[in-house]
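Undergrad: Please read through the structure below; I'll follow up with questions.
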Amino acid sequence: MARISGVGNNFLDSILPPYGTDLGVKNPIWNESQHMFITDQYTSAAGNTYYLGVRFSDRFVTILHIGLYHNWTYINEVEIYAFDGHERKLVGKTSIDQYYNEDLVRSTTENLLKDYIEGQMKLNGSPINQEQLECQVKELVQKSYFSLLDDPNVAKRLEAVKPLLLPNK
Amino acid sequence: MNTSLATLVNQTLPAVSNSSVTYNADRNMFLTAGYTSAAGNTYFQGIHLSNRLAIVFDIGVGYAYTFLNGMKLYCFDGTQKKLIGSRFYTCCCYSDYFARKEASEILFEYLKSQAKLMGTYISDSQLEEFAKNQVLSAATNRPGLTA
């Protein structure tokens, strides 16, 4: 049996169970290396695995549709949601269907967010300073690449966003 | 291959890979069928298994080098695999030492984040040691190894 001194077996068995035993805890899975949550995992009959990568900041949520086929990881779609109270509201979406590349994902996120903000500013008749807008968008997107493990403030905000991380939302 | 390992492999491999695999005794690794590109580079996956963990390496062989292109770690949820972490690499030559170190780090990050989400405190050193032993168990194909 897997053991850590001073830690009950229930904890380890619930998050790293032996084959054949259900995961005892259905917490969202945090992928620190990619700074995103992994949700809605699904393996097709053909053996391809699909999942959602979820990043959030206090202003928006990015949802990445990711597919694993044989040796390759594909980024299929990127969606951007703004908050409307405690709910999320789709404000941008694009299909990519290319090999997963973090630079591509980041620039796509920035473009979607910029398009949304720019569109809203135009609708409101506000003057647009492109350079300033691009700079602000980059800062906003950077804030969604946080570390769950190192930032004590993130854990406090998690309860608020947990409902957004539940499957099929 | 010993009996307990054979049983484990027969149970878990279908959950981890839908490809036919061969066992490479030299590397203690299961290898999926390869794909050779028009440029002559060959790509395949290498898999380490334990009863709690599957480590999948995306490997490319080009010219005289073996590259580690990516790594994914899965735990089990019943009889299904569940992705718990991944990393990508560019121009990274494969080595057992590096692969195990990276896998240990990914598992440590998963364990620490789950502990955090559950409000449980476990010291980093304890989690690191546990992660290292779990990866060693999978890498050496000793399914019953305890931490």
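Here, A, B, ... name the chains of the structure tokens in the order displayed, residue numbers run from 1 inside each chain, and ligands are numbered from 1 in the same displayed order.
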Would you list the contacts of stretch 26-28 of chain B as a ChimeraX atom specification, taking every protein, DNA or RNA residue within 9 Å and counting only C-alpha atoms, but skipping same-chain residues closer than 6 positions in sequence?
TA: /B:47-48,96,139-141
Undergrad: Wanna dump the chain B-chain A contacts at 6 Å for me, each residue with its shortest atom pair and the distance in Å to one decimal, counting only C-alpha atoms, ordered by chain and number, as a tab-separated table?
TA:
residue	atom	partner	partner_atom	distance
B:Asn18	CA	A:Gly47	CA	5.5
B:Asn51	CA	A:Pro18	CA	5.3
B:Arg52	CA	A:Pro18	CA	4.6
B:Asp58	CA	A:Asn71	CA	5.6
B:Phe76	CA	A:Tyr19	CA	5.5
B:Asp77	CA	A:Asp22	CA	4.6
B:Gly78	CA	A:Gly20	CA	4.1
B:Thr79	CA	A:Gly20	CA	4.9
B:Gly85	CA	A:Asn31	CA	5.1
B:Thr146	CA	A:Ala2	CA	5.2
B:Ala147	CA	A:Ala2	CA	5.5
Undergrad: Hey, can you spit out that residue selection with N, CA and C atoms as a PDB file, in the first residue's frame?
TA:
ATOM      1  N   ASN B  18      -4.270   2.304 -27.093  1.00  0.00           N
ATOM      2  CA  ASN B  18      -5.049   1.424 -27.963  1.00  0.00           C
ATOM      3  C   ASN B  18      -4.173   0.835 -29.065  1.00  0.00           C
ATOM      4  N   ASN B  51       0.749  -0.093 -10.628  1.00  0.00           N
ATOM      5  CA  ASN B  51      -0.684  -0.302 -10.383  1.00  0.00           C
ATOM      6  C   ASN B  51      -1.402   1.006 -10.069  1.00  0.00           C
ATOM      7  N   ARG B  52      -0.635   2.114  -9.923  1.00  0.00           N
ATOM      8  CA  ARG B  52      -1.269   3.405  -9.621  1.00  0.00           C
ATOM      9  C   ARG B  52      -1.002   4.474 -10.674  1.00  0.00           C
ATOM     10  N   ASP B  58       6.348  10.751 -25.236  1.00  0.00           N
ATOM     11  CA  ASP B  58       6.280  10.930 -26.688  1.00  0.00           C
ATOM     12  C   ASP B  58       7.708  11.023 -27.186  1.00  0.00           C
ATOM     13  N   PHE B  76      -5.331   6.169 -12.388  1.00  0.00           N
ATOM     14  CA  PHE B  76      -6.472   5.350 -12.784  1.00  0.00           C
ATOM     15  C   PHE B  76      -7.715   5.773 -12.002  1.00  0.00           C
ATOM     16  N   ASP B  77      -8.841   5.765 -12.699  1.00  0.00           N
ATOM     17  CA  ASP B  77     -10.136   6.024 -12.070  1.00  0.00           C
ATOM     18  C   ASP B  77     -10.982   4.813 -12.438  1.00  0.00           C
ATOM     19  N   GLY B  78     -11.011   3.838 -11.538  1.00  0.00           N
ATOM     20  CA  GLY B  78     -11.606   2.549 -11.891  1.00  0.00           C
ATOM     21  C   GLY B  78     -10.700   1.888 -12.918  1.00  0.00           C
ATOM     22  N   THR B  79     -11.266   1.576 -14.078  1.00  0.00           N
ATOM     23  CA  THR B  79     -10.461   0.935 -15.125  1.00  0.00           C
ATOM     24  C   THR B  79     -10.109   1.914 -16.244  1.00  0.00           C
ATOM     25  N   GLY B  85      -1.237  15.250 -15.580  1.00  0.00           N
ATOM     26  CA  GLY B  85      -0.192  16.247 -15.820  1.00  0.00           C
ATOM     27  C   GLY B  85       0.533  15.967 -17.122  1.00  0.00           C
ATOM     28  N   THR B 146       6.233  -0.248  -2.532  1.00  0.00           N
ATOM     29  CA  THR B 146       5.560   0.756  -1.689  1.00  0.00           C
ATOM     30  C   THR B 146       6.475   1.921  -1.449  1.00  0.00           C
ATOM     31  N   ALA B 147       5.865   3.082  -1.174  1.00  0.00           N
ATOM     32  CA  ALA B 147       6.671   4.288  -0.935  1.00  0.00           C
ATOM     33  C   ALA B 147       7.195   4.284   0.483  1.00  0.00           C
TER      34      ALA B 147
END
Undergrad: Just the residues within 9 Å of A:Thr94, please, counting only C-alpha atoms, with nothing from its chain fewer than 2 positions along; format it as a list in words.
TA: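 Using only C-alpha atoms, the neighbours found are Asn76, Glu77, Val78, Glu79, Gly92, Ile96, Thr108 and Leu112 of chain A.
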Undergrad: Write a file of the just-selected residues containing N, CA and C atoms, as an mmCIF file, in the first residue's frame.
TA:
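Output contents, as saved in result36.cif:
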data_model
loop_
_atom_site.group_PDB
_atom_site.id
_atom_site.type_symbol
_atom_site.label_atom_id
_atom_site.label_comp_id
_atom_site.auth_asym_id
_atom_site.auth_seq_id
_atom_site.Cartn_x
_atom_site.Cartn_y
_atom_site.Cartn_z
ATOM 1 N N ASN A 76 -7.612 22.169 -30.477
ATOM 2 C CA ASN A 76 -8.710 22.204 -31.450
ATOM 3 C C ASN A 76 -9.471 23.529 -31.451
ATOM 4 N N GLU A 77 -9.753 24.040 -30.253
ATOM 5 C CA GLU A 77 -10.515 25.295 -30.166
ATOM 6 C C GLU A 77 -10.083 26.090 -28.949
ATOM 7 N N VAL A 78 -10.252 27.396 -29.045
ATOM 8 C CA VAL A 78 -10.030 28.275 -27.885
ATOM 9 C C VAL A 78 -11.298 29.096 -27.685
ATOM 10 N N GLU A 79 -11.774 29.141 -26.437
ATOM 11 C CA GLU A 79 -12.954 29.945 -26.105
ATOM 12 C C GLU A 79 -12.597 30.915 -24.982
ATOM 13 N N GLY A 92 -15.865 35.011 -27.058
ATOM 14 C CA GLY A 92 -14.982 34.796 -28.200
ATOM 15 C C GLY A 92 -14.669 33.327 -28.370
ATOM 16 N N ILE A 96 -8.792 26.061 -34.198
ATOM 17 C CA ILE A 96 -7.390 26.110 -34.629
ATOM 18 C C ILE A 96 -6.997 24.812 -35.329
ATOM 19 N N THR A 108 -3.480 33.437 -29.524
ATOM 20 C CA THR A 108 -4.899 33.295 -29.887
ATOM 21 C C THR A 108 -5.785 33.861 -28.781
ATOM 22 N N LEU A 112 -8.388 36.997 -29.218
ATOM 23 C CA LEU A 112 -9.820 36.890 -28.931
ATOM 24 C C LEU A 112 -10.257 37.937 -27.909
#
Undergrad: Suppose you want the space between atom CA of A:Ile63 and atom CA of B:Lys72; what is it in Å?
TA: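 Separation between atom CA of A:Ile63 and atom CA of B:Lys72: 19.8 Å.
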Undergrad: Provide the atom CA of B:Ile59 to atom CA of B:Thr36 distance in Å, to one decimal place.
TA: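 About the pair atom CA of B:Ile59 and atom CA of B:Thr36: they are 11.9 Å apart.
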Undergrad: Which polymer residues have any atom within 8 Å of an atom of B:Leu53, counting only C-alpha atoms, with same-chain residues fewer than 4 positions away left out, as a PyMOL selection string?
TA: (chain A and resi 16) or (chain B and resi 49+73-76+134-135+138)
Undergrad: Please, could you write that set of residues out with N, CA and C atoms as an mmCIF file, in the first residue's frame?
TA:
data_model
loop_
_atom_site.group_PDB
_atom_site.id
_atom_site.type_symbol
_atom_site.label_atom_id
_atom_site.label_comp_id
_atom_site.auth_asym_id
_atom_site.auth_seq_id
_atom_site.Cartn_x
_atom_site.Cartn_y
_atom_site.Cartn_z
ATOM 1 N N LEU A 16 -4.720 8.823 -5.855
ATOM 2 C CA LEU A 16 -3.861 7.984 -6.692
ATOM 3 C C LEU A 16 -4.212 6.521 -6.418
ATOM 4 N N LEU B 49 4.543 1.530 -16.406
ATOM 5 C CA LEU B 49 3.302 1.242 -15.698
ATOM 6 C C LEU B 49 3.550 0.799 -14.261
ATOM 7 N N LEU B 73 1.317 12.017 -17.625
ATOM 8 C CA LEU B 73 1.120 11.112 -16.500
ATOM 9 C C LEU B 73 -0.374 10.864 -16.318
ATOM 10 N N TYR B 74 -0.712 9.602 -16.118
ATOM 11 C CA TYR B 74 -2.108 9.241 -15.895
ATOM 12 C C TYR B 74 -2.212 8.488 -14.569
ATOM 13 N N CYS B 75 -3.295 8.761 -13.829
ATOM 14 C CA CYS B 75 -3.643 7.872 -12.726
ATOM 15 C C CYS B 75 -4.813 7.023 -13.227
ATOM 16 N N PHE B 76 -5.331 6.169 -12.388
ATOM 17 C CA PHE B 76 -6.472 5.350 -12.784
ATOM 18 C C PHE B 76 -7.715 5.773 -12.002
ATOM 19 N N GLN B 134 7.052 6.440 -6.406
ATOM 20 C CA GLN B 134 5.999 5.967 -7.304
ATOM 21 C C GLN B 134 6.496 5.899 -8.748
ATOM 22 N N VAL B 135 7.284 6.914 -9.142
ATOM 23 C CA VAL B 135 7.841 6.919 -10.502
ATOM 24 C C VAL B 135 8.856 5.784 -10.650
ATOM 25 N N ALA B 138 7.071 2.580 -11.238
ATOM 26 C CA ALA B 138 6.600 2.418 -12.623
ATOM 27 C C ALA B 138 7.772 2.191 -13.578
#
Undergrad: Hey, what's within 12 Å of B:Cys91 if we count only C-alpha atoms and toss same-chain stuff fewer than 2 positions away? As a PyMOL selection string, please?
TA: chain B and resi 59-62+65-70+88-89+93-94
Undergrad: Print the selection's residues with N, CA and C atoms to a file, as a PDB file, in the first residue's frame.
TA:
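Ended up saving to result_31.pdb:
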ATOM      1  N   ILE B  59       8.105  10.033 -27.983  1.00  0.00           N
ATOM      2  CA  ILE B  59       9.516   9.922 -28.369  1.00  0.00           C
ATOM      3  C   ILE B  59       9.659  10.048 -29.877  1.00  0.00           C
ATOM      4  N   GLY B  60      10.690  10.726 -30.296  1.00  0.00           N
ATOM      5  CA  GLY B  60      10.994  10.845 -31.711  1.00  0.00           C
ATOM      6  C   GLY B  60      12.433  10.435 -31.964  1.00  0.00           C
ATOM      7  N   VAL B  61      12.637   9.658 -33.028  1.00  0.00           N
ATOM      8  CA  VAL B  61      13.997   9.265 -33.385  1.00  0.00           C
ATOM      9  C   VAL B  61      14.331   9.917 -34.719  1.00  0.00           C
ATOM     10  N   GLY B  62      15.286  10.819 -34.685  1.00  0.00           N
ATOM     11  CA  GLY B  62      15.669  11.527 -35.903  1.00  0.00           C
ATOM     12  C   GLY B  62      17.167  11.559 -36.037  1.00  0.00           C
ATOM     13  N   TYR B  65      19.722  10.804 -33.110  1.00  0.00           N
ATOM     14  CA  TYR B  65      19.290  11.169 -31.762  1.00  0.00           C
ATOM     15  C   TYR B  65      17.908  10.628 -31.430  1.00  0.00           C
ATOM     16  N   THR B  66      17.701  10.349 -30.137  1.00  0.00           N
ATOM     17  CA  THR B  66      16.378  10.012 -29.629  1.00  0.00           C
ATOM     18  C   THR B  66      15.891  11.195 -28.797  1.00  0.00           C
ATOM     19  N   PHE B  67      14.762  11.765 -29.207  1.00  0.00           N
ATOM     20  CA  PHE B  67      14.262  12.976 -28.558  1.00  0.00           C
ATOM     21  C   PHE B  67      13.050  12.663 -27.693  1.00  0.00           C
ATOM     22  N   LEU B  68      12.976  13.359 -26.565  1.00  0.00           N
ATOM     23  CA  LEU B  68      11.773  13.331 -25.733  1.00  0.00           C
ATOM     24  C   LEU B  68      10.960  14.566 -26.111  1.00  0.00           C
ATOM     25  N   ASN B  69       9.823  14.340 -26.775  1.00  0.00           N
ATOM     26  CA  ASN B  69       9.003  15.471 -27.242  1.00  0.00           C
ATOM     27  C   ASN B  69       7.930  15.880 -26.233  1.00  0.00           C
ATOM     28  N   GLY B  70       7.513  14.940 -25.420  1.00  0.00           N
ATOM     29  CA  GLY B  70       6.472  15.259 -24.443  1.00  0.00           C
ATOM     30  C   GLY B  70       6.321  14.133 -23.440  1.00  0.00           C
ATOM     31  N   PHE B  88       5.735  19.499 -22.343  1.00  0.00           N
ATOM     32  CA  PHE B  88       6.223  19.418 -23.721  1.00  0.00           C
ATOM     33  C   PHE B  88       7.693  19.820 -23.750  1.00  0.00           C
ATOM     34  N   TYR B  89       8.426  19.265 -24.689  1.00  0.00           N
ATOM     35  CA  TYR B  89       9.864  19.577 -24.797  1.00  0.00           C
ATOM     36  C   TYR B  89      10.229  19.848 -26.252  1.00  0.00           C
ATOM     37  N   CYS B  93      17.063  15.746 -25.787  1.00  0.00           N
ATOM     38  CA  CYS B  93      17.501  14.357 -25.981  1.00  0.00           C
ATOM     39  C   CYS B  93      17.009  13.490 -24.822  1.00  0.00           C
ATOM     40  N   TYR B  94      16.518  12.292 -25.145  1.00  0.00           N
ATOM     41  CA  TYR B  94      15.969  11.404 -24.112  1.00  0.00           C
ATOM     42  C   TYR B  94      17.081  10.855 -23.219  1.00  0.00           C
TER      43      TYR B  94
END
Undergrad: Could you tell me, as a PyMOL selection string, which residues of chain B DSSP assigns to strand (DSSP E or B) when given the backbone?
TA: chain B and resi 21-24+29-32+35-36+42-49+54-62+65-77+80-88+93
